[in-house]
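Text of structure-v9.tsv, listed as TSV, C-alpha atoms:
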```
chain	number	residue	atom	x	y	z
A	157	MET	CA	19.73	-91.50	0.49
A	158	HIS	CA	18.95	-91.50	-3.18
A	159	VAL	CA	15.24	-91.66	-3.83
A	160	GLU	CA	13.90	-92.93	-7.11
A	161	PRO	CA	10.74	-91.60	-8.67
A	162	PRO	CA	7.80	-93.92	-8.06
A	163	PHE	CA	7.24	-96.77	-10.47
A	164	GLY	CA	10.62	-96.10	-12.00
A	165	GLY	CA	9.54	-92.87	-13.69
A	166	ASP	CA	9.01	-92.48	-17.40
A	167	GLY	CA	12.21	-91.62	-19.22
A	168	ALA	CA	10.58	-91.27	-22.63
A	169	GLU	CA	8.06	-88.78	-21.26
A	170	GLU	CA	10.81	-86.75	-19.65
A	171	THR	CA	12.88	-86.72	-22.82
A	172	ALA	CA	9.91	-85.58	-24.87
A	173	ASP	CA	9.24	-82.85	-22.32
A	174	ALA	CA	12.88	-81.76	-22.38
A	175	VAL	CA	12.81	-81.36	-26.17
A	176	LEU	CA	9.58	-79.37	-26.09
A	177	VAL	CA	10.84	-77.21	-23.23
A	178	SER	CA	14.02	-76.44	-25.10
A	179	ARG	CA	12.08	-75.42	-28.20
A	180	SER	CA	9.67	-73.37	-26.10
A	181	GLN	CA	12.55	-71.55	-24.47
A	182	SER	CA	13.62	-70.49	-27.96
A	183	GLY	CA	10.21	-68.90	-28.43
A	184	ASP	CA	8.52	-71.76	-30.29
A	185	MET	CA	4.87	-71.30	-29.41
A	186	LYS	CA	3.81	-74.53	-31.10
A	187	ALA	CA	6.15	-76.48	-28.87
A	188	TYR	CA	4.69	-74.81	-25.83
A	189	ASP	CA	1.21	-75.54	-27.12
A	190	GLN	CA	2.21	-79.22	-27.20
A	191	LEU	CA	3.61	-79.04	-23.68
A	192	VAL	CA	0.38	-77.58	-22.38
A	193	LEU	CA	-1.59	-80.24	-24.20
A	194	ARG	CA	0.48	-82.96	-22.55
A	195	HIS	CA	0.15	-81.68	-19.00
A	196	ARG	CA	-3.03	-79.66	-18.77
A	197	ASN	CA	-5.26	-82.54	-17.60
A	198	ARG	CA	-3.08	-83.56	-14.68
A	199	ILE	CA	-2.50	-79.97	-13.57
A	200	PHE	CA	-6.22	-79.32	-13.85
A	201	ALA	CA	-6.92	-82.52	-11.88
A	202	MET	CA	-4.55	-81.51	-9.14
A	203	ILE	CA	-6.02	-78.03	-8.85
A	204	ARG	CA	-9.57	-79.30	-9.17
A	205	ASN	CA	-8.96	-81.80	-6.37
A	206	MET	CA	-7.40	-79.07	-4.26
A	207	THR	CA	-10.04	-76.40	-4.79
A	208	HIS	CA	-13.17	-78.50	-5.38
A	209	HIS	CA	-14.28	-75.79	-7.75
A	210	GLU	CA	-14.24	-76.52	-11.44
A	211	ALA	CA	-14.47	-72.97	-12.80
A	212	ASP	CA	-11.77	-71.68	-10.46
A	213	ALA	CA	-9.62	-74.71	-11.28
A	214	TRP	CA	-9.97	-73.92	-14.98
A	215	ASP	CA	-8.83	-70.32	-14.45
A	216	LEU	CA	-6.04	-71.33	-12.11
A	217	THR	CA	-4.79	-73.87	-14.64
A	218	GLN	CA	-4.56	-71.02	-17.15
A	219	ASP	CA	-2.57	-69.03	-14.59
A	220	VAL	CA	-0.20	-71.94	-14.07
A	221	PHE	CA	0.64	-72.22	-17.77
A	222	ILE	CA	0.96	-68.45	-18.20
A	223	LYS	CA	3.33	-68.27	-15.23
A	224	ALA	CA	5.19	-71.28	-16.55
A	225	TRP	CA	5.63	-69.59	-19.92
A	226	ASN	CA	6.87	-66.38	-18.31
A	227	ALA	CA	9.32	-68.27	-16.11
A	228	LEU	CA	10.42	-70.79	-18.71
A	229	GLY	CA	13.67	-68.92	-19.26
A	230	ASN	CA	14.66	-69.71	-15.68
A	231	PHE	CA	13.83	-73.39	-15.94
A	232	GLU	CA	16.94	-75.55	-15.85
A	233	ALA	CA	17.00	-78.72	-17.88
A	234	LYS	CA	18.38	-80.74	-14.96
A	235	ALA	CA	15.03	-80.40	-13.17
A	236	LYS	CA	11.97	-82.41	-14.11
A	237	PHE	CA	9.46	-80.30	-15.98
A	238	THR	CA	6.42	-81.89	-14.32
A	239	THR	CA	7.83	-81.27	-10.83
A	240	TRP	CA	8.49	-77.66	-11.77
A	241	LEU	CA	4.96	-77.35	-13.12
A	242	TYR	CA	3.48	-78.84	-9.95
A	243	ARG	CA	5.51	-76.35	-7.96
A	244	ILE	CA	3.93	-73.47	-9.89
A	245	ALA	CA	0.49	-75.04	-9.43
A	246	HIS	CA	1.18	-75.38	-5.71
A	247	ASN	CA	1.99	-71.65	-5.48
A	248	VAL	CA	-1.03	-70.67	-7.54
A	249	VAL	CA	-3.36	-72.72	-5.34
A	250	TYR	CA	-1.65	-71.40	-2.21
A	251	ASP	CA	-2.28	-67.82	-3.35
A	252	TRP	CA	-5.85	-68.68	-4.25
A	253	ASN	CA	-6.42	-70.21	-0.82
A	254	ARG	CA	-4.97	-67.14	0.84
A	255	ARG	CA	-7.20	-64.85	-1.18
A	256	LYS	CA	-10.28	-66.86	-0.46
A	257	LYS	CA	-9.32	-67.45	3.17
A	258	HIS	CA	-10.66	-70.86	2.47
A	259	ASP	CA	-11.42	-72.71	5.67
A	260	VAL	CA	-13.14	-76.02	5.30
A	261	VAL	CA	-15.92	-76.52	7.81
A	262	GLY	CA	-15.53	-79.62	9.92
A	263	GLU	CA	-11.84	-79.97	9.11
A	264	LEU	CA	-9.90	-82.24	11.41
A	265	HIS	CA	-6.95	-80.53	13.01
A	266	ASP	CA	-3.45	-81.91	13.38
A	267	GLU	CA	-3.49	-81.75	17.17
A	268	THR	CA	-6.37	-84.19	17.35
A	269	LEU	CA	-4.16	-86.83	15.80
A	270	GLU	CA	-0.82	-85.63	17.06
A	271	ASN	CA	1.72	-88.36	17.62
A	272	GLU	CA	5.29	-88.08	18.80
A	273	ARG	CA	6.76	-89.99	15.90
A	274	ILE	CA	5.64	-92.13	13.07
A	275	ASP	CA	5.84	-95.85	13.45
A	276	PRO	CA	6.02	-97.42	9.99
A	277	ALA	CA	4.29	-100.46	11.45
A	278	ALA	CA	1.29	-98.19	11.94
A	279	ILE	CA	1.46	-96.94	8.40
A	280	ALA	CA	-1.82	-95.30	7.55
A	281	ILE	CA	-3.05	-96.71	4.33
A	282	PRO	CA	-6.77	-97.17	3.96
A	283	HIS	CA	-7.62	-100.85	3.70
A	284	VAL	CA	-9.45	-100.63	0.44
A	285	GLY	CA	-9.37	-104.41	0.04
A	286	ASP	CA	-11.64	-104.90	3.01
A	287	SER	CA	-14.00	-102.06	2.29
A	288	PRO	CA	-17.15	-101.97	0.24
A	289	ASP	CA	-15.56	-99.61	-2.28
A	290	GLN	CA	-14.23	-102.63	-4.19
A	291	LYS	CA	-17.78	-103.07	-5.33
A	292	MET	CA	-18.34	-99.39	-5.71
A	293	ALA	CA	-18.42	-97.92	-9.14
A	294	MET	CA	-15.45	-95.70	-9.92
A	295	GLY	CA	-17.60	-92.60	-10.09
A	296	GLU	CA	-19.01	-93.30	-6.68
A	297	LEU	CA	-15.55	-93.96	-5.23
A	298	LYS	CA	-14.39	-90.69	-6.65
A	299	LYS	CA	-17.22	-88.82	-4.96
A	300	LYS	CA	-16.46	-90.46	-1.64
A	301	ILE	CA	-12.77	-89.63	-1.86
A	302	GLU	CA	-13.53	-86.08	-2.91
A	303	ALA	CA	-15.89	-85.64	0.03
A	304	ALA	CA	-13.26	-86.99	2.40
A	305	LEU	CA	-10.50	-84.85	0.87
A	306	ALA	CA	-12.63	-81.76	1.31
A	307	LYS	CA	-12.63	-82.36	5.05
A	308	ILE	CA	-8.89	-82.39	5.58
A	309	SER	CA	-6.53	-79.43	5.68
A	310	PRO	CA	-5.16	-78.01	2.39
A	311	GLU	CA	-1.63	-79.20	3.24
A	312	HIS	CA	-2.76	-82.75	3.92
A	313	ARG	CA	-5.02	-82.73	0.90
A	314	GLU	CA	-2.18	-81.65	-1.32
A	315	ILE	CA	0.13	-84.33	0.01
A	316	VAL	CA	-2.41	-87.08	-0.69
A	317	ILE	CA	-3.14	-85.70	-4.14
A	318	LEU	CA	0.50	-85.42	-5.10
A	319	LYS	CA	1.50	-88.78	-3.65
A	320	ASP	CA	-1.45	-91.07	-4.08
A	321	VAL	CA	-3.28	-89.46	-6.99
A	322	GLN	CA	-0.51	-87.95	-9.08
A	323	GLY	CA	2.14	-90.49	-8.10
A	324	LEU	CA	4.98	-88.15	-7.21
A	325	ALA	CA	7.92	-89.39	-5.16
A	326	TYR	CA	8.61	-88.07	-1.67
A	327	LYS	CA	11.56	-86.09	-3.00
A	328	GLU	CA	9.46	-84.51	-5.74
A	329	ILE	CA	6.72	-83.57	-3.28
A	330	ALA	CA	9.33	-82.02	-1.00
A	331	ASP	CA	10.54	-79.93	-3.97
A	332	VAL	CA	7.00	-78.92	-4.91
A	333	MET	CA	5.98	-77.94	-1.39
A	334	GLY	CA	9.33	-76.53	-0.34
A	335	CYS	CA	9.82	-78.78	2.70
A	336	THR	CA	11.89	-81.76	3.74
A	337	ILE	CA	11.23	-85.39	2.89
A	338	GLY	CA	10.68	-86.02	6.60
A	339	THR	CA	7.92	-83.42	6.68
A	340	VAL	CA	6.32	-84.97	3.62
A	341	MET	CA	6.39	-88.42	5.23
A	342	SER	CA	4.94	-87.09	8.45
A	343	ARG	CA	2.18	-85.12	6.74
A	344	LEU	CA	1.30	-88.03	4.49
A	345	PHE	CA	1.00	-90.30	7.47
A	346	TYR	CA	-1.45	-88.01	9.23
A	347	ALA	CA	-3.30	-87.20	6.02
A	348	ARG	CA	-3.88	-90.87	5.26
A	349	GLN	CA	-4.90	-91.51	8.82
A	350	LYS	CA	-7.53	-88.78	8.62
A	351	LEU	CA	-8.68	-89.94	5.23
A	352	GLN	CA	-8.96	-93.49	6.48
A	353	THR	CA	-11.08	-92.35	9.43
A	354	LEU	CA	-13.33	-90.29	7.20
A	355	LEU	CA	-13.77	-93.02	4.61
A	356	ARG	CA	-14.48	-95.60	7.28
A	357	ASP	CA	-17.15	-93.32	8.75
A	358	GLU	CA	-18.52	-92.93	5.26
A	359	TYR	CA	-18.71	-96.68	4.72
A	360	GLU	CA	-20.20	-97.31	8.14
A	361	SER	CA	-22.89	-94.70	7.64
A	362	ARG	CA	-24.13	-96.43	4.49
B	74	MET	CA	18.94	-106.80	8.51
B	75	ASN	CA	16.70	-104.37	10.30
B	76	PRO	CA	15.76	-101.53	7.97
B	77	ASP	CA	15.18	-98.10	9.45
B	78	ASN	CA	11.82	-96.35	9.38
B	79	GLN	CA	12.57	-94.11	6.44
B	80	THR	CA	13.81	-97.00	4.33
B	81	LEU	CA	10.69	-98.98	5.15
B	82	MET	CA	8.43	-96.08	4.22
B	83	LEU	CA	10.21	-95.68	0.92
B	84	TRP	CA	9.95	-99.44	0.35
B	85	LEU	CA	6.21	-99.31	0.98
B	86	GLU	CA	5.91	-96.58	-1.64
B	87	ASP	CA	8.11	-98.41	-4.19
B	88	GLU	CA	10.62	-95.57	-4.13
B	89	LEU	CA	13.82	-97.40	-3.26
B	90	PRO	CA	16.64	-97.79	-5.76
B	91	GLU	CA	16.78	-101.29	-7.21
B	92	ASP	CA	19.73	-102.64	-5.19
B	93	LEU	CA	18.33	-101.49	-1.85
B	94	LYS	CA	14.84	-102.65	-2.84
B	95	GLN	CA	16.15	-106.18	-3.41
B	96	GLN	CA	17.72	-106.21	0.06
B	97	ILE	CA	14.48	-105.12	1.71
B	98	ASP	CA	12.49	-107.55	-0.41
B	99	ALA	CA	14.73	-110.35	0.91
B	100	TRP	CA	14.16	-109.13	4.46
B	101	ALA	CA	10.40	-108.84	3.94
B	102	SER	CA	10.04	-112.30	2.41
B	103	ASP	CA	9.36	-113.69	5.86
B	104	GLN	CA	7.42	-110.61	7.01
B	105	PRO	CA	3.85	-111.26	5.79
B	106	LEU	CA	2.51	-108.22	7.62
B	107	TRP	CA	4.84	-105.88	5.73
B	108	LEU	CA	4.15	-107.56	2.42
B	109	GLU	CA	0.45	-107.10	3.04
B	110	LYS	CA	0.95	-103.43	3.90
B	111	ARG	CA	2.86	-102.86	0.69
B	112	GLU	CA	0.17	-104.58	-1.33
B	113	SER	CA	-2.47	-102.49	0.36
B	114	ALA	CA	-0.50	-99.32	-0.34
B	115	ARG	CA	-0.16	-100.21	-4.02
B	116	LEU	CA	-3.86	-100.95	-4.27
B	117	TRP	CA	-4.76	-97.68	-2.58
B	118	ARG	CA	-2.52	-95.63	-4.85
B	119	GLY	CA	-3.78	-97.46	-7.91
B	120	GLN	CA	-7.40	-96.82	-7.05
B	121	LEU	CA	-6.92	-93.18	-6.17
B	122	SER	CA	-4.86	-92.60	-9.25
B	123	GLN	CA	-7.38	-94.34	-11.48
B	124	ALA	CA	-10.29	-92.46	-9.97
B	125	MET	CA	-8.81	-89.01	-9.81
B	126	ALA	CA	-5.49	-88.51	-11.56
B	127	GLU	CA	-6.68	-87.63	-15.02
B	128	GLN	CA	-9.59	-85.27	-15.23
B	129	GLU	CA	-10.50	-84.05	-18.65
B	130	LEU	CA	-10.13	-80.32	-18.67
B	131	PRO	CA	-13.44	-78.92	-19.92
B	132	TYR	CA	-13.47	-76.86	-23.12
B	133	GLY	CA	-9.92	-77.94	-23.90
B	134	ASP	CA	-9.74	-76.22	-27.29
B	135	PHE	CA	-10.97	-72.95	-25.87
B	136	PHE	CA	-8.53	-73.30	-22.99
B	137	GLN	CA	-5.67	-73.80	-25.40
B	138	SER	CA	-6.61	-70.94	-27.71
B	139	GLN	CA	-7.24	-68.51	-24.87
B	140	LEU	CA	-3.93	-69.40	-23.26
B	141	MET	CA	-2.00	-68.90	-26.48
B	142	ARG	CA	-3.77	-65.62	-27.15
B	143	THR	CA	-2.91	-64.36	-23.66
B	144	ILE	CA	0.72	-65.35	-24.13
B	145	GLU	CA	0.83	-63.70	-27.56
B	146	GLN	CA	-0.62	-60.50	-26.12
B	147	GLY	CA	2.00	-60.57	-23.38
B	148	ARG	CA	4.76	-61.01	-25.93
B	149	ALA	CA	3.43	-58.21	-28.11
B	150	ALA	CA	3.22	-55.90	-25.11
B	151	SER	CA	6.77	-56.66	-24.06
B	152	GLN	CA	7.99	-56.11	-27.62
B	153	ARG	CA	6.22	-52.75	-27.69
B	154	ASP	CA	8.01	-51.82	-24.50
B	155	VAL	CA	11.41	-52.91	-25.75
B	156	PRO	CA	11.66	-50.56	-28.80
B	157	ALA	CA	10.95	-47.59	-26.54
B	158	ALA	CA	13.96	-48.54	-24.53
B	159	VAL	CA	16.13	-49.25	-27.54
B	160	ARG	CA	15.04	-46.20	-29.51
B	161	VAL	CA	18.24	-44.43	-28.46
B	162	SER	CA	20.69	-44.87	-31.31
B	163	PRO	CA	24.05	-46.49	-30.61
B	164	TRP	CA	25.71	-43.11	-31.27
B	165	ARG	CA	23.54	-41.47	-28.64
B	166	LYS	CA	23.99	-44.42	-26.36
B	167	PHE	CA	27.72	-43.74	-26.44
B	168	TRP	CA	27.64	-39.95	-26.12
B	169	LEU	CA	24.73	-39.59	-23.75
B	170	PRO	CA	26.57	-40.70	-20.60
B	171	ALA	CA	29.61	-38.62	-21.58
B	172	SER	CA	27.46	-35.54	-22.14
B	173	VAL	CA	25.70	-36.02	-18.84
B	174	ALA	CA	29.02	-36.41	-17.05
B	175	ALA	CA	30.43	-33.27	-18.73
B	176	ALA	CA	27.33	-31.29	-17.82
B	177	MET	CA	27.67	-32.38	-14.22
B	178	VAL	CA	31.34	-31.35	-14.09
B	179	LEU	CA	30.60	-27.94	-15.64
B	180	GLY	CA	27.72	-27.46	-13.29
B	181	PHE	CA	29.97	-28.23	-10.35
B	182	ILE	CA	32.70	-25.86	-11.49
B	183	GLY	CA	30.18	-23.11	-12.22
B	184	GLY	CA	28.67	-23.63	-8.80
B	185	THR	CA	31.99	-23.22	-7.04
B	186	GLN	CA	32.87	-20.08	-9.03
B	187	TRP	CA	29.61	-18.30	-8.66
B	188	GLN	CA	29.27	-15.94	-5.76
B	189	GLU	CA	26.20	-14.11	-4.86
B	190	LYS	CA	26.70	-10.36	-5.37
B	191	PRO	CA	25.31	-8.10	-2.72
B	192	HIS	CA	22.21	-6.39	-3.86
B	193	ARG	CA	22.51	-2.68	-4.24
B	194	ALA	CA	19.77	-0.18	-3.86
B	195	LYS	CA	18.64	0.54	-7.37
B	196	THR	CA	16.50	3.52	-6.50
B	197	LEU	CA	18.11	6.74	-5.44
B	198	VAL	CA	16.00	9.62	-4.46
B	199	THR	CA	17.63	12.89	-5.38
B	200	TYR	CA	16.52	16.17	-4.00
B	201	THR	CA	18.04	19.52	-4.80
B	202	PRO	CA	16.71	22.39	-2.70
B	203	GLU	CA	18.37	25.02	-4.90
B	204	GLU	CA	16.40	25.91	-8.00
B	205	GLY	CA	18.16	25.33	-11.31
B	206	VAL	CA	20.27	22.54	-9.94
B	207	LYS	CA	19.70	19.14	-11.48
B	208	ALA	CA	21.07	16.01	-9.87
B	209	GLU	CA	22.07	12.98	-11.89
B	210	PHE	CA	23.63	9.82	-10.60
B	211	PHE	CA	25.70	7.20	-12.29
B	212	GLU	CA	26.28	3.76	-10.94
B	213	THR	CA	29.22	1.62	-12.00
B	214	SER	CA	29.01	-2.04	-11.13
B	215	PRO	CA	32.66	-2.99	-11.65
B	216	ALA	CA	33.88	-0.19	-9.46
B	217	GLU	CA	30.98	-0.54	-7.08
B	218	GLY	CA	30.66	3.21	-6.94
B	219	THR	CA	28.00	5.79	-7.50
B	220	VAL	CA	28.73	9.26	-8.84
B	221	ILE	CA	26.23	12.04	-8.37
B	222	VAL	CA	26.60	15.01	-10.66
B	223	LEU	CA	24.94	18.26	-9.71
B	224	ASN	CA	24.44	20.36	-12.80
B	225	GLY	CA	23.85	24.09	-12.39
B	226	MET	CA	25.29	24.35	-8.97
B	227	ALA	CA	27.57	27.26	-8.17
B	228	ALA	CA	31.18	26.48	-7.57
B	229	LEU	CA	31.98	25.76	-3.97
B	230	PRO	CA	34.71	27.69	-2.27
B	231	ASP	CA	37.90	25.70	-1.73
B	232	SER	CA	37.45	25.84	2.02
B	233	PHE	CA	34.14	24.03	1.73
B	234	VAL	CA	35.43	20.99	-0.07
B	235	SER	CA	35.25	18.00	2.13
B	236	THR	CA	37.75	15.22	1.69
B	237	GLU	CA	35.88	12.80	3.92
B	238	THR	CA	33.78	10.06	2.53
B	239	THR	CA	31.53	7.54	4.15
B	240	SER	CA	31.73	3.90	3.47
B	241	HIS	CA	29.13	2.36	1.27
B	242	GLU	CA	27.51	-0.56	3.01
B	243	PRO	CA	25.69	-2.99	0.80
B	244	GLN	CA	22.06	-3.08	1.56
B	245	HIS	CA	19.48	-5.64	0.77
B	246	LEU	CA	16.34	-5.12	-1.14
B	247	ASN	CA	14.20	-6.41	1.64
B	248	GLU	CA	15.23	-3.60	3.90
B	249	PRO	CA	12.84	-0.71	4.26
B	250	ILE	CA	13.34	1.94	1.61
B	251	GLU	CA	13.87	4.61	4.22
B	252	GLN	CA	17.07	2.97	5.31
B	253	LYS	CA	18.52	2.88	1.80
B	254	LYS	CA	20.51	6.01	2.01
B	255	GLU	CA	23.30	6.45	-0.43
B	256	THR	CA	26.15	8.71	0.30
B	257	ALA	CA	28.70	9.70	-2.26
B	258	THR	CA	31.50	12.07	-2.61
B	259	LEU	CA	30.34	15.28	-4.03
B	260	VAL	CA	32.32	16.11	-7.04
B	261	ALA	CA	32.19	19.54	-8.39
B	262	PRO	CA	31.57	19.71	-12.08
```

Take the structure in the file and give it back as structure tokens.
Amino acid sequence: MHVEPPFGGDGAEETADAVLVSRSQSGDMKAYDQLVLRHRNRIFAMIRNMTHHEADAWDLTQDVFIKAWNALGNFEAKAKFTTWLYRIAHNVVYDWNRRKKHDVVGELHDETLENERIDPAAIAIPHVGDSPDQKMAMGELKKKIEAALAKISPEHREIVILKDVQGLAYKEIADVMGCTIGTVMSRLFYARQKLQTLLRDEYESR
Amino acid sequence: MNPDNQTLMLWLEDELPEDLKQQIDAWASDQPLWLEKRESARLWRGQLSQAMAEQELPYGDFFQSQLMRTIEQGRAASQRDVPAAVRVSPWRKFWLPASVAAAMVLGFIGGTQWQEKPHRAKTLVTYTPEEGVKAEFFETSPAEGTVIVLNGMAALPDSFVSTETTSHEPQHLNEPIEQKKETATLVAP
């Protein structure tokens, strides 16, 4: 099945990226400078949300763009530059996690929520409309989400960040994480379910 | 129409191609629960995206300049490495493999031709019990023979001349010196 990027994608953005990538591949440093400028905030946001550590996220974002520059010769124009960049960021964060042996205390484990199969009727999307966060200031909402994200596994966290925060399509996430669309759907389901539980607990404790 | 699970999940995420989306929209028009779920999903994504998608990277200018400097240093380092590899002139590039190949062939031929020569005892101890007799020896490599000349010795009677010789066995240097006995035909001067 053909899967479209979410919200129809942005053709103009992609075209602009493609031009800058092509110039960068010819050694044009100014073009690469522009590319970095265009994407640094979202890559930093992704890494920052994954690591919950601003200084490390800053350094890791540098690593991503250095690796991207070094590998730019291998980048094929048929791929989407942002997806490719997220893939590099995914690997950088994965390596960082491995080095740090980062294990979040109080993390919920998959087996506690294990289900045989996913029923779309039970789709796990937090009911934000019914919750008090409608009245919550954006900064406060952000803190709550961050706290909840910190309590789920790195894989689930990444899925939520890529899908719900960064707006990537299932297919793109599968490319970034090197897994199937089915796995992405399954992980997202469980990740949202956990997040929903955590946020509900958060609201109820207030 | 009863859409499958995967199609429904893609529909909830607004990821279906337009034609298929219209079909599911038609199906969902009398499915208020599904329409509500999709609305909830959109709201959730919108809020998360708004709250967390864009985070201003701190010290952006410094980030940019440091990144470019690192990349420049990497480029300079790789360019320094490249000339070392290309320093070989095209002429040498062409002849170098040929020379190496020729050297290998010559080495192989030389190796097959070369035979280790047996080591001969270089030290001969001469002793002449008769006073006035001086012994000298001459060694000839090509003939592999040693001639000992006894100067001052009286002529031997014809009956004394021995026609027998002993064979000369090659001996190695690592053998004890006592065993290195050389025997040669005595030749009257």

Inset, instruction - Rank B:Arg118, B:Ser102, B:Asn75, B:Leu93 by their smallest atom-to-atom distance to chain A, using only C-alpha atoms, and report the top residue only. - result: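 Distance minimum relative to chain A lands on B:Arg118.
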
Residues of chain B that approach chain A to 6 Å or less, counting only C-alpha atoms: could you list each one with the shortest pair of atoms and its distance in Å to one decimal, rows by chain and increasing residue number, as CSV?
```
residue,atom,partner,partner_atom,distance
B:Asn78,CA,A:Pro276,CA,5.9
B:Asp87,CA,A:Pro162,CA,5.9
B:Glu88,CA,A:Pro162,CA,5.1
B:Leu89,CA,A:Glu160,CA,5.9
B:Pro90,CA,A:Glu160,CA,5.7
B:Ala114,CA,A:Ile281,CA,5.9
B:Arg118,CA,A:Asp320,CA,4.7
B:Leu121,CA,A:Val321,CA,5.3
B:Ser122,CA,A:Val321,CA,4.2
B:Ala124,CA,A:Lys298,CA,5.6
B:Ala126,CA,A:Val321,CA,5.2
B:Glu127,CA,A:Arg198,CA,5.4
B:Gln128,CA,A:Ala201,CA,5.1
B:Glu129,CA,A:Asn197,CA,5.6
B:Leu130,CA,A:Asn197,CA,5.5
```

Inset, instruction - State, in Å with one decimal place, the distance from atom CA of Leu216 of chain A to atom CA of Ala245 of chain A. - result: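 We find that atom CA of Leu216 of chain A and atom CA of Ala245 of chain A lie 8.0 Å from each other.
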
Legend entry - Selection near Ala306 of chain A, 9 Å with all atoms listed in the file, sequence-local residues under 2 positions removed, as a list in words: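 In the requested form, the answer reads Asn205, Met206, Thr207, His208, Val260, Val261, Glu263, Ile301, Glu302, Ala303, Ala304, Ile308, Ser309, Pro310 and Arg313 of chain A.
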
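The smallest atom-to-atom distance between His209 of chain A and any of A:Ala224, A:Cys335, A:His312, A:Asn253, using all atoms listed in the file, is found for A:Asn253.
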
Legend entry - Atom pair atom CA of Ser172 of chain B / atom CA of Arg153 of chain B: separation (Å):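 We find that atom CA of Ser172 of chain B and atom CA of Arg153 of chain B lie 27.9 Å from each other.
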
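Across the structure, atom CA of Ile244 of chain A and atom CA of Leu351 of chain A are spaced 25.7 Å apart.
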
Legend entry - Thr239 of chain A environment, 7 Å, all atoms listed in the file, sequence neighbours closer than 4 positions dropped, as a list in words: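 What passes the distance filter is Arg243, Glu328 and Val332 of chain A.
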
Provide an axis-aligned box for all listed atoms of segment 328-343 of chain A, padding each side by 4 Å; report its centre and its edge lengths in Å to one decimal, as lines of an AutoDock Vina configuration file.
```
center_x = 7.0
center_y = -82.5
center_z = 1.4
size_x = 17.7
size_y = 19.9
size_z = 22.2
```

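Distance check against Lys256 of chain A using all atoms listed in the file: of A:Ala347, A:Asp212, A:Asp331, A:Thr238, the minimum falls on A:Asp212.
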
Inset, instruction - For segment 219-221 of chain B, work out the shell of residues within 6 Å, counting all atoms listed in the file and skipping chain neighbours fewer than 6 positions away, then give it as a PyMOL selection string. - result: chain B and resi 209-212

Inset, instruction - Please check which residues have atoms at most 12 Å from (17.4, -102.2, 9.7) in the file's coordinates, counting all atoms listed in the file, and write them as a PyMOL selection string. - result: chain B and resi 74-81+93+96-97+100-101
